[in-house]
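Here is the structure we will look at.
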Amino acid sequence: MASIYNNHVPDNRLRFIFNDTVVAVRLAANATFEDIARTLGKLPRQRYGDPLAIDVTLAPDVSVRANARRSGYAPR
């Protein structure tokens, strides 16, 4: 059986979870709540209905980790 576990997040993702489907799109690194609302507004409501949840996955910011290590504070 193939492993489905993957702890690597390739980029920023936005997922709208509906009753019977999930719509996933890429999310800009500097996206705002307004951008998320506009993306949701572009989805045809008759087809999907209202979302049950909105999931945002952000890629780790490598520069933040590097700065934390240099400052002596490195979260684990």
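Labeling convention for the structure tokens: chains A, B, ... as they appear, residues from 1 per chain, ligands from 1 in order of appearance.
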query: Neighbours of segment 49-57 of chain A within 7 Å (only C-alpha atoms; same-chain residues fewer than 5 positions away dropped), as number ranges by chain?
result: A: 12-19
Distance atom CA of Arg45 of chain A-atom CA of Ala29 of chain A, one decimal place?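 Atom CA of Ala29 of chain A lies at a distance of 26.3 Å from atom CA of Arg45 of chain A.
Between atom CA of Ala28 of chain A and atom CA of Gly41 of chain A there is a distance of 16.9 Å.
Straight-line separation from atom CA of Ala59 of chain A to atom CA of Asp11 of chain A: 4.9 Å.
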